[in-house]
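Colleague: So here's my_file18.cif, just mmCIF, C-alpha atoms and all ligand atoms:
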data_target
loop_
_atom_site.label_atom_id
_atom_site.label_comp_id
_atom_site.auth_asym_id
_atom_site.auth_seq_id
_atom_site.Cartn_x
_atom_site.Cartn_y
_atom_site.Cartn_z
CA MET A 3 22.65 3.88 23.67
CA ILE A 4 19.21 4.34 25.13
CA ALA A 5 16.69 1.96 23.76
CA ARG A 6 13.42 3.50 22.73
CA VAL A 7 10.47 1.78 24.29
CA LYS A 8 8.42 0.59 21.39
CA ARG A 9 4.86 -0.53 21.44
CA ASP A 10 3.97 -3.88 20.03
CA TYR A 11 3.08 -3.51 16.35
CA TYR A 12 -0.12 -5.49 16.75
CA GLU A 13 -1.12 -3.26 19.62
CA VAL A 14 -0.33 -0.18 17.55
CA LEU A 15 -2.73 -1.32 14.83
CA GLY A 16 -5.24 -2.64 17.38
CA ILE A 17 -5.33 -6.14 15.92
CA SER A 18 -4.67 -9.63 17.18
CA LYS A 19 -1.62 -11.73 16.37
CA GLY A 20 -3.75 -13.93 14.18
CA ALA A 21 -5.07 -11.03 12.09
CA SER A 22 -5.28 -11.72 8.36
CA GLU A 23 -3.52 -9.60 5.76
CA ALA A 24 -6.86 -7.99 4.98
CA ASP A 25 -7.34 -7.14 8.67
CA VAL A 26 -3.90 -5.51 8.76
CA LYS A 27 -4.74 -3.41 5.73
CA LYS A 28 -8.12 -2.47 7.09
CA ALA A 29 -6.78 -1.44 10.50
CA TYR A 30 -4.03 0.58 8.86
CA ARG A 31 -6.38 2.41 6.52
CA LYS A 32 -8.66 3.31 9.38
CA LEU A 33 -5.86 4.67 11.55
CA ALA A 34 -4.07 6.42 8.70
CA ARG A 35 -7.24 8.24 7.81
CA LYS A 36 -7.65 9.40 11.39
CA LEU A 37 -4.03 10.29 12.12
CA HIS A 38 -2.73 11.59 8.81
CA PRO A 39 -0.91 14.92 9.23
CA ASP A 40 -3.13 16.49 6.54
CA VAL A 41 -6.06 15.86 8.84
CA ASN A 42 -4.21 16.97 12.00
CA PRO A 43 -2.05 19.92 11.00
CA GLY A 44 0.42 20.88 13.73
CA ASP A 45 -0.61 18.03 16.03
CA THR A 46 2.68 16.42 17.00
CA THR A 47 1.02 13.65 19.04
CA ALA A 48 -1.00 12.60 16.01
CA GLN A 49 2.12 12.84 13.89
CA LYS A 50 4.05 10.55 16.21
CA LYS A 51 1.19 8.10 16.32
CA PHE A 52 0.93 8.24 12.56
CA GLN A 53 4.60 7.36 12.21
CA GLU A 54 4.17 4.54 14.68
CA VAL A 55 1.21 3.19 12.69
CA GLN A 56 3.16 3.58 9.48
CA GLU A 57 6.06 1.59 10.87
CA ALA A 58 3.85 -1.16 12.28
CA TYR A 59 2.05 -1.47 8.99
CA GLU A 60 5.23 -1.72 6.97
CA VAL A 61 6.29 -4.69 9.00
CA LEU A 62 2.98 -6.48 9.44
CA GLN A 63 1.79 -6.18 5.85
CA ASP A 64 4.86 -8.01 4.60
CA PRO A 65 4.68 -11.75 5.31
CA GLU A 66 8.48 -12.07 5.57
CA LYS A 67 8.93 -9.12 7.89
CA ARG A 68 5.94 -10.14 9.93
CA LYS A 69 7.33 -13.63 10.38
CA ALA A 70 10.63 -12.17 11.56
CA TYR A 71 8.85 -9.76 13.87
CA ASP A 72 6.71 -12.53 15.36
CA ARG A 73 9.86 -14.46 16.03
CA PHE A 74 12.24 -11.76 17.20
CA GLY A 75 10.04 -8.80 18.11
CA HIS A 76 11.57 -5.34 18.03
CA ALA A 77 14.87 -6.80 19.16
CA GLY A 78 15.14 -8.91 16.06
CA PRO A 79 17.68 -8.47 13.30
CA ARG A 80 16.86 -5.21 11.68
CA VAL A 81 18.20 -3.62 8.62
CA GLU A 82 17.54 -0.05 9.72
CA GLU A 83 20.61 -0.39 11.87
CA GLY A 84 22.78 -1.22 8.90
CA PRO A 85 24.72 1.45 7.08
CA GLU A 86 22.45 1.51 4.06
CA GLY A 87 19.10 0.18 5.18
CA GLY A 88 16.80 -1.52 2.76
CA PHE A 89 18.23 -4.97 2.65
CA ASP A 90 19.52 -7.61 4.92
CA PHE A 91 21.93 -10.42 4.37
CA GLY A 92 20.00 -12.53 6.83
CA GLY A 93 17.03 -12.43 4.56
CA TYR A 94 14.66 -10.84 7.05
CA GLY A 95 14.23 -7.86 4.87
CA PHE A 96 13.25 -5.23 7.38
CA GLY A 97 14.07 -2.01 5.80
CA GLY A 98 13.22 0.98 3.78
CA GLY A 99 10.21 2.66 5.23
CA ALA A 100 8.79 5.99 4.31
CA PRO A 101 11.29 8.07 2.41
CA GLY A 102 12.69 10.91 4.45
CA GLY A 103 11.89 11.62 8.08
CA GLY A 104 8.91 13.87 7.57
CA ALA A 105 5.31 12.91 7.28
CA PRO A 106 4.63 11.24 3.97
CA SER A 107 1.86 12.54 1.76
CA PHE A 108 -1.30 10.54 1.28
CA GLU A 109 0.25 9.09 -1.84
CA ASP A 110 3.38 8.05 -0.04
CA LEU A 111 1.52 6.09 2.62
CA GLY A 112 3.26 2.84 3.11
CA GLY A 113 6.51 4.13 1.72
CA ILE A 114 8.64 2.78 -1.01
CA PHE A 115 11.00 0.00 -0.39
CA GLY A 116 12.44 -2.88 -2.17
CA ASN A 117 14.08 -6.00 -0.96
CA LEU A 118 15.43 -8.99 -2.65
CA PHE A 119 13.86 -12.35 -2.28
CA GLY A 120 16.34 -15.12 -2.02
CA GLY A 121 19.07 -12.82 -3.21
CA MET A 122 21.76 -13.36 -0.65
CA GLY A 123 20.49 -16.52 0.94
CA GLY A 124 22.04 -19.94 0.71
CA GLY A 125 23.57 -21.37 -2.38
CA ALA A 126 25.09 -18.14 -3.61
CA PHE A 127 28.45 -17.91 -5.32
CA ARG A 128 28.97 -21.29 -6.77
CA GLY A 129 31.95 -21.36 -9.02
CA GLY A 130 31.24 -21.27 -12.75
CA ALA A 131 27.69 -20.17 -12.01
CA ALA A 132 25.33 -19.40 -14.83
CA ALA A 133 23.44 -16.17 -15.33
CA ALA A 134 20.14 -16.22 -13.50
CA ASP A 135 16.99 -14.19 -13.22
CA ALA A 136 16.53 -12.40 -9.93
CA ARG A 137 13.41 -11.35 -8.11
CA ALA A 138 12.63 -8.29 -6.03
CA THR A 139 9.54 -6.68 -4.58
CA MET A 140 8.85 -3.00 -4.54
CA GLU A 141 6.09 -1.16 -2.75
CA ILE A 142 4.80 1.78 -4.72
CA PRO A 143 2.46 4.62 -3.78
CA PHE A 144 -1.15 4.29 -4.89
CA ARG A 145 -0.74 7.36 -7.10
CA THR A 146 2.13 5.77 -9.01
CA SER A 147 0.06 2.64 -9.62
CA VAL A 148 -2.58 4.80 -11.30
CA PHE A 149 -0.47 7.30 -13.20
CA GLY A 150 2.89 5.56 -13.47
CA GLY A 151 6.27 7.08 -12.71
CA THR A 152 9.93 6.38 -12.17
CA LEU A 153 10.99 5.05 -8.80
CA GLN A 154 14.27 3.98 -7.34
CA LEU A 155 14.81 0.41 -6.24
CA GLN A 156 17.76 -0.81 -4.26
CA THR A 157 18.74 -4.37 -4.99
CA THR A 158 21.70 -6.66 -4.66
CA ARG A 159 22.76 -8.89 -7.46
CA ARG A 160 25.76 -11.01 -8.28
CA VAL A 161 28.25 -9.51 -10.67
CA VAL A 162 31.58 -10.69 -12.03
CA CYS A 163 34.37 -10.06 -9.52
CA PRO A 164 36.34 -7.00 -10.65
CA THR A 165 39.58 -8.34 -9.13
CA CYS A 166 39.80 -11.71 -10.87
CA HIS A 167 37.31 -11.06 -13.70
CA GLY A 168 35.41 -14.19 -12.81
CA THR A 169 38.26 -16.69 -12.67
CA GLY A 170 38.22 -16.90 -8.88
CA ARG A 171 42.03 -17.06 -8.93
CA LYS A 172 44.63 -14.55 -7.99
CA GLY A 173 48.13 -15.74 -8.70
CA ARG A 174 48.41 -19.20 -7.21
CA GLY A 175 45.65 -18.82 -4.64
CA ALA A 176 41.99 -17.98 -4.47
CA CYS A 177 40.95 -14.42 -5.25
CA PRO A 178 40.64 -12.56 -1.90
CA THR A 179 37.86 -10.27 -3.13
CA CYS A 180 35.41 -13.01 -4.05
CA ARG A 181 37.00 -15.79 -2.02
CA GLY A 182 37.41 -17.83 -5.16
CA GLN A 183 33.78 -17.62 -6.21
CA GLY A 184 34.35 -15.46 -9.27
CA ARG A 185 31.38 -13.26 -8.42
CA ILE A 186 30.54 -10.75 -5.73
CA ALA A 187 27.34 -9.21 -4.41
CA SER A 188 26.80 -5.72 -5.65
CA MET A 189 24.27 -3.30 -4.27
CA GLU A 190 22.69 -1.26 -6.97
CA LYS A 191 20.15 1.47 -7.20
CA LEU A 192 17.97 0.99 -10.22
CA LYS A 193 15.49 3.33 -11.82
CA VAL A 194 12.27 1.46 -12.37
CA ASN A 195 9.76 2.79 -14.87
CA VAL A 196 6.39 1.88 -13.44
CA PRO A 197 3.72 1.82 -16.14
CA ALA A 198 0.47 3.64 -15.43
CA GLY A 199 -2.30 1.31 -14.36
CA ILE A 200 -0.13 -1.46 -12.95
CA ARG A 201 -1.97 -3.64 -10.46
CA ASP A 202 -1.02 -4.90 -7.06
CA GLY A 203 0.96 -8.10 -7.65
CA GLY A 204 1.97 -7.07 -11.17
CA THR A 205 5.52 -7.66 -12.38
CA ILE A 206 8.01 -5.45 -14.13
CA ARG A 207 10.93 -7.06 -15.97
CA ILE A 208 14.22 -5.21 -16.04
CA PRO A 209 16.42 -6.84 -18.68
CA GLY A 210 20.02 -7.57 -17.78
CA LYS A 211 19.69 -6.67 -14.11
CA GLY A 212 19.56 -10.19 -12.75
CA ASP A 213 22.57 -12.18 -11.61
CA THR A 214 25.62 -12.22 -13.80
CA GLY A 215 27.05 -15.63 -14.60
CA ALA A 216 30.73 -16.45 -14.57
CA ALA A 217 30.74 -15.99 -18.35
CA GLY A 218 29.59 -12.41 -17.95
CA ALA A 219 26.02 -12.63 -19.22
CA ALA A 220 23.27 -11.42 -16.88
CA GLY A 221 19.76 -12.64 -16.26
CA ASP A 222 16.77 -10.36 -15.85
CA LEU A 223 15.33 -8.84 -12.72
CA TYR A 224 11.63 -9.40 -12.08
CA VAL A 225 10.15 -6.81 -9.78
CA THR A 226 6.85 -7.70 -8.14
CA ILE A 227 4.79 -4.64 -7.38
CA LYS A 228 2.97 -4.13 -4.13
CA VAL A 229 0.67 -1.14 -4.16
CA SER A 230 0.26 0.81 -0.91
CA PRO A 231 -3.38 1.14 0.03
CA HIS A 232 -4.89 4.60 -0.24
CA PRO A 233 -6.76 5.91 2.80
CA TYR A 234 -9.78 6.85 0.70
CA PHE A 235 -9.74 5.24 -2.73
CA GLU A 236 -9.91 1.54 -3.26
CA ARG A 237 -9.14 -0.26 -6.47
CA ARG A 238 -11.04 -3.24 -7.87
CA ASP A 239 -9.65 -4.36 -11.22
CA ASP A 240 -9.55 -1.09 -13.12
CA ASP A 241 -12.42 0.50 -11.22
CA ILE A 242 -11.84 2.89 -8.36
CA LEU A 243 -14.26 2.77 -5.45
CA GLY A 244 -15.15 5.47 -2.97
CA VAL A 245 -17.87 6.38 -0.49
CA VAL A 246 -19.59 9.78 -0.66
CA PRO A 247 -21.66 11.11 2.24
CA ILE A 248 -24.85 12.96 1.29
CA THR A 249 -27.50 14.73 3.37
CA ILE A 250 -31.07 13.56 3.86
CA ARG A 251 -32.28 16.42 1.70
CA GLU A 252 -29.85 15.62 -1.09
CA ALA A 253 -30.99 12.00 -1.05
CA TYR A 254 -34.66 12.90 -0.94
CA SER A 255 -34.84 15.85 -3.33
CA GLY A 256 -31.83 15.10 -5.51
CA ALA A 257 -28.77 17.31 -5.83
CA GLU A 258 -25.57 17.95 -7.67
CA ILE A 259 -22.57 16.91 -5.60
CA SER A 260 -18.81 16.94 -5.97
CA VAL A 261 -17.33 13.43 -6.12
CA PRO A 262 -13.60 12.85 -5.52
CA THR A 263 -11.99 10.64 -8.16
CA VAL A 264 -8.34 9.82 -8.84
CA HIS A 265 -8.59 12.35 -11.68
CA GLY A 266 -9.85 15.09 -9.37
CA ARG A 267 -13.33 16.12 -8.31
CA ILE A 268 -16.22 15.61 -10.68
CA ARG A 269 -19.70 17.11 -10.42
CA ALA A 270 -22.35 14.43 -10.41
CA LYS A 271 -26.10 14.28 -9.96
CA VAL A 272 -27.81 12.51 -7.11
CA PRO A 273 -31.29 11.61 -8.39
CA PRO A 274 -34.33 12.37 -6.18
CA GLY A 275 -35.22 9.43 -3.95
CA THR A 276 -31.67 8.10 -3.74
CA GLN A 277 -31.24 5.36 -1.13
CA GLY A 278 -28.33 4.97 1.25
CA GLY A 279 -25.84 2.44 -0.13
CA GLN A 280 -26.87 3.08 -3.74
CA ARG A 281 -23.98 2.94 -6.17
CA PHE A 282 -23.22 5.18 -9.09
CA ARG A 283 -20.71 4.90 -11.85
CA LEU A 284 -18.67 7.60 -13.57
CA ARG A 285 -17.64 5.93 -16.82
CA GLY A 286 -14.00 5.99 -17.74
CA LYS A 287 -12.96 7.75 -14.54
CA GLY A 288 -11.12 4.76 -13.11
CA VAL A 289 -7.70 3.41 -14.04
CA ARG A 290 -6.46 2.93 -17.58
CA ASP A 291 -5.29 -0.61 -18.20
CA PRO A 292 -1.75 -0.54 -19.61
CA ARG A 293 -2.40 -3.47 -21.97
CA THR A 294 -5.93 -2.96 -23.24
CA GLU A 295 -5.78 0.84 -22.86
CA ALA A 296 -9.40 0.68 -21.71
CA SER A 297 -10.29 2.75 -18.68
CA GLY A 298 -12.19 1.48 -15.68
CA ASP A 299 -14.91 3.47 -13.96
CA HIS A 300 -15.16 5.44 -10.79
CA VAL A 301 -17.80 3.74 -8.66
CA TYR A 302 -19.08 5.61 -5.63
CA THR A 303 -21.48 4.50 -2.97
CA VAL A 304 -23.58 7.16 -1.31
CA LYS A 305 -23.98 7.15 2.42
CA ILE A 306 -26.80 9.17 3.90
CA VAL A 307 -25.56 11.00 6.97
CA VAL A 308 -27.85 12.20 9.75
CA PRO A 309 -27.01 15.50 11.46
CA LYS A 310 -25.39 15.02 14.86
CA ASN A 311 -26.78 18.33 16.01
CA LEU A 312 -30.07 17.25 17.58
CA THR A 313 -32.68 19.98 18.03
CA PRO A 314 -36.47 20.09 18.55
CA ALA A 315 -36.88 21.54 15.04
CA GLY A 316 -34.81 18.68 13.64
CA ARG A 317 -36.96 16.13 15.46
CA GLU A 318 -40.04 17.75 13.95
CA ALA A 319 -38.56 17.56 10.46
CA ALA A 320 -37.62 13.92 11.07
CA ALA A 321 -41.16 13.12 12.21
CA LEU A 322 -42.43 14.68 9.03
CA PHE A 323 -40.11 12.44 7.04
CA ASP A 324 -41.37 9.43 8.99
CA SER A 325 -44.92 10.18 7.98
CA LEU A 326 -43.90 9.89 4.32
CA TYR A 327 -42.87 6.20 4.40
CA GLU A 328 -45.40 3.87 2.87
CA GLY A 329 -45.55 1.16 5.50
CA ASP A 330 -42.78 -0.38 7.55
CA PRO A 331 -39.39 -0.10 5.78
CA ARG A 332 -38.39 -3.38 7.49
CA ALA A 333 -41.42 -5.32 6.32
CA GLY A 334 -40.40 -8.44 4.47
CA LEU A 335 -37.24 -9.06 6.50
CA PRO A 336 -36.91 -12.60 7.89
CA ASP A 337 -37.23 -13.34 11.61
CA GLY A 338 -34.17 -15.53 11.59
CA LEU A 339 -32.96 -18.57 9.72
CA ASP A 340 -36.32 -20.38 9.64
ZN ZN A 401 37.56 -12.55 -7.52
#
As structure tokens, what does this structure read like?
Modeller:
Amino acid sequence: MIARVKRDYYEVLGISKGASEADVKKAYRKLARKLHPDVNPGDTTAQKKFQEVQEAYEVLQDPEKRKAYDRFGHAGPRVEEGPEGGFDFGGYGFGGGAPGGGAPSFEDLGGIFGNLFGGMGGGAFRGGAAAADARATMEIPFRTSVFGGTLQLQTTRRVVCPTCHGTGRKGRGACPTCRGQGRIASMEKLKVNVPAGIRDGGTIRIPGKGDTGAAGAAGDLYVTIKVSPHPYFERRDDDILGVVPITIREAYSGAEISVPTVHGRIRAKVPPGTQGGQRFRLRGKGVRDPRTEASGDHVYTVKIVVPKNLTPAGREAAALFDSLYEGDPRAGLPDGLD
């Protein structure tokens, strides 16, 4: 087997080993925006780079996977090499990744994967064990966090051994299937109904899908949701944030512009004399909270962009603009800390 030469994940994202989780997210968003196949149709180099970035992000954004990667590098124990992918008895939890081999859509960025925390680790399979709640994490696309949906989650949980029905005995000896433990690990694919509006870090309880005790009753499964960042939209509570570039003329004279929101584009007015960095709010165009049923807002910040095409006529127009300022726009700024 020929080993593929892989670049260091930190190098791929252009960050240092000590980068914070926020830095990882930031670097990923920046690169994903630049390299996304929608932005580079037919560009296979960009596509390869995008996949590389995607893979690096999936590992580095997850504290467990990152820890394993820091320790073992690419050569570390990896679940992708297993027959199923998606979980790992060693507890390193590399796995999943973007569904399918093709380029994921903007919504799929980050991929969907689930892995069990503490599922198969130490202390499993004690005889006469009681039912217990289990925990899993699942990364969901940004779109699903806003509008909800049904996703598949692969988990392992302990179920009653089908050979000995939980007794742990077979004839005079220990049951060979469960080695006398009465329970076995079972990999299951669950359908998870994700409610619209769920936040990053939110939990979904799936009754009866935790570990089964020797008596046959099962605990519940608690799925912690991790929302993949979107390359453009950002969520703050139930508000959605975005940046909208406008021209100098639009800022100065006012205009009607088209603003992207999670609900599609919305026409909005830019008032005359709008300043760069000014924020506007489209009421109710954010995310609907699943509990209160109240909707957040879409908040966009305008960014005045200057034409890159520099011409004498443009310089003249700019000089004219300059003559319209009343005094120094930087008057009143401090000289330093004193
Ligand atoms: Zn058994």
Colleague: Which of these, A:Arg285, A:Arg181, A:Gln280, A:Ala257, has the shortest distance to ligand ZN 401 (chain A) once you count only C-alpha atoms and all ligand atoms?
Modeller: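 Among the listed residues, the smallest separation from ligand ZN 401 (chain A) belongs to A:Arg181.
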Colleague: With all atoms listed in the file counted and 9 Å as the cut-off, give the residues of chain A in contact with ligand ZN 401 (chain A), each with its shortest interatomic distance in Å and the pair that gives it, as a Markdown table.
Modeller:
| residue | atom | partner | partner_atom | distance |
| --- | --- | --- | --- | --- |
| A:Val162 | CA | A:ZN401 | ZN | 7.7 |
| A:Cys163 | CA | A:ZN401 | ZN | 4.5 |
| A:Pro164 | CA | A:ZN401 | ZN | 6.5 |
| A:Thr165 | CA | A:ZN401 | ZN | 4.9 |
| A:Cys166 | CA | A:ZN401 | ZN | 4.1 |
| A:His167 | CA | A:ZN401 | ZN | 6.4 |
| A:Gly168 | CA | A:ZN401 | ZN | 5.9 |
| A:Thr169 | CA | A:ZN401 | ZN | 6.6 |
| A:Gly170 | CA | A:ZN401 | ZN | 4.6 |
| A:Arg171 | CA | A:ZN401 | ZN | 6.5 |
| A:Lys172 | CA | A:ZN401 | ZN | 7.4 |
| A:Ala176 | CA | A:ZN401 | ZN | 7.6 |
| A:Cys177 | CA | A:ZN401 | ZN | 4.5 |
| A:Pro178 | CA | A:ZN401 | ZN | 6.4 |
| A:Thr179 | CA | A:ZN401 | ZN | 5.0 |
| A:Cys180 | CA | A:ZN401 | ZN | 4.1 |
| A:Arg181 | CA | A:ZN401 | ZN | 6.4 |
| A:Gly182 | CA | A:ZN401 | ZN | 5.8 |
| A:Gln183 | CA | A:ZN401 | ZN | 6.5 |
| A:Gly184 | CA | A:ZN401 | ZN | 4.7 |
| A:Arg185 | CA | A:ZN401 | ZN | 6.3 |
| A:Ile186 | CA | A:ZN401 | ZN | 7.5 |
Colleague: Could you check which of A:Gly266, A:Gly244, A:Ala321, A:Leu326 is closest to Val304 of chain A, using all atoms listed in the file?
Modeller: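 Of A:Gly266, A:Gly244, A:Ala321, A:Leu326, the one nearest Val304 of chain A is A:Gly244, counting all atoms listed in the file.
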Colleague: Write out as a list in words each polymer residue whose atoms come within 7 Å of Val196 of chain A, counting all atoms listed in the file; drop sequence neighbours fewer than 3 positions from it.
Modeller: Gly150, Gly151 and Thr152 of chain A
Colleague: Quote the spacing between atom CA of His232 of chain A and atom CA of Thr46 of chain A in Å to one decimal place.
Modeller: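 Separating atom CA of His232 of chain A from atom CA of Thr46 of chain A is a distance of 22.2 Å.
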Colleague: With only C-alpha atoms as the atoms that count, which of A:Phe144, A:Tyr224, A:Tyr11, A:Phe52 lies nearest to Gly199 of chain A?
Modeller: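 Checking each candidate against Gly199 of chain A, we get A:Phe144 as the closest.
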Colleague: Check the smallest atom-to-atom distance from each of A:Arg317, A:His300, A:Lys193, A:Lys310 to Arg238 of chain A using only C-alpha atoms, then report the winner.
Modeller: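 Checking each candidate against Arg238 of chain A, we get A:His300 as the closest.
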Colleague: For atom CA of Asp10 of chain A and atom CA of Val229 of chain A, quote the distance in Å rounded to one decimal.
Modeller: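 Going from atom CA of Asp10 of chain A over to atom CA of Val229 of chain A covers 24.6 Å.
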Colleague: What is the atom CA of Gln156 of chain A-atom CA of Met189 of chain A distance in Å, reported with one decimal?
Modeller: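 Computing it gives 7.0 Å between the two atoms.
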Colleague: Could you check the closest approach to Asn195 of chain A for each of A:Phe149, A:Val272, A:Ser230, A:Asp25 and tell me which residue wins, using only C-alpha atoms?
Modeller: A:Phe149
Colleague: Go through A:Ala320, A:Thr47, A:Tyr59, A:Thr303 one by one, measure the shortest atom-to-atom distance of each to Gly16 of chain A using only C-alpha atoms, and give the residue with the smallest value.
Modeller: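 Nearest candidate to Gly16 of chain A out of A:Ala320, A:Thr47, A:Tyr59, A:Thr303: A:Tyr59.
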Colleague: Kindly extract all protein, DNA and RNA residues lying within 7 Å of the coordinates (2.6, 5.2, 8.0) given in the file, considering all atoms listed in the file, and supply them as a list in words.
Modeller: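 Within the cut-off we find Ala34, Phe52, Gln53, Glu54, Val55, Gln56, Glu57, Tyr59, Leu111 and Gly112 of chain A.
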Colleague: Go ahead and write the residues just picked, C-alpha atoms, as a PDB file, in the frame of the given file.
Modeller:
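And here is the file that came out, part-v1.pdb:
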ATOM      1  CA  ALA A  34      -4.070   6.420   8.700  1.00  0.00           C
ATOM      2  CA  PHE A  52       0.930   8.240  12.560  1.00  0.00           C
ATOM      3  CA  GLN A  53       4.600   7.360  12.210  1.00  0.00           C
ATOM      4  CA  GLU A  54       4.170   4.540  14.680  1.00  0.00           C
ATOM      5  CA  VAL A  55       1.210   3.190  12.690  1.00  0.00           C
ATOM      6  CA  GLN A  56       3.160   3.580   9.480  1.00  0.00           C
ATOM      7  CA  GLU A  57       6.060   1.590  10.870  1.00  0.00           C
ATOM      8  CA  TYR A  59       2.050  -1.470   8.990  1.00  0.00           C
ATOM      9  CA  LEU A 111       1.520   6.090   2.620  1.00  0.00           C
ATOM     10  CA  GLY A 112       3.260   2.840   3.110  1.00  0.00           C
TER      11      GLY A 112
END
Colleague: May I have the residues at most 8 Å from (-25.3, 7.8, 4.8) in the file's coordinates, counting all atoms listed in the file, as an MDAnalysis selection string?
Modeller: chainID A and resid 247:249 278:279 304:308
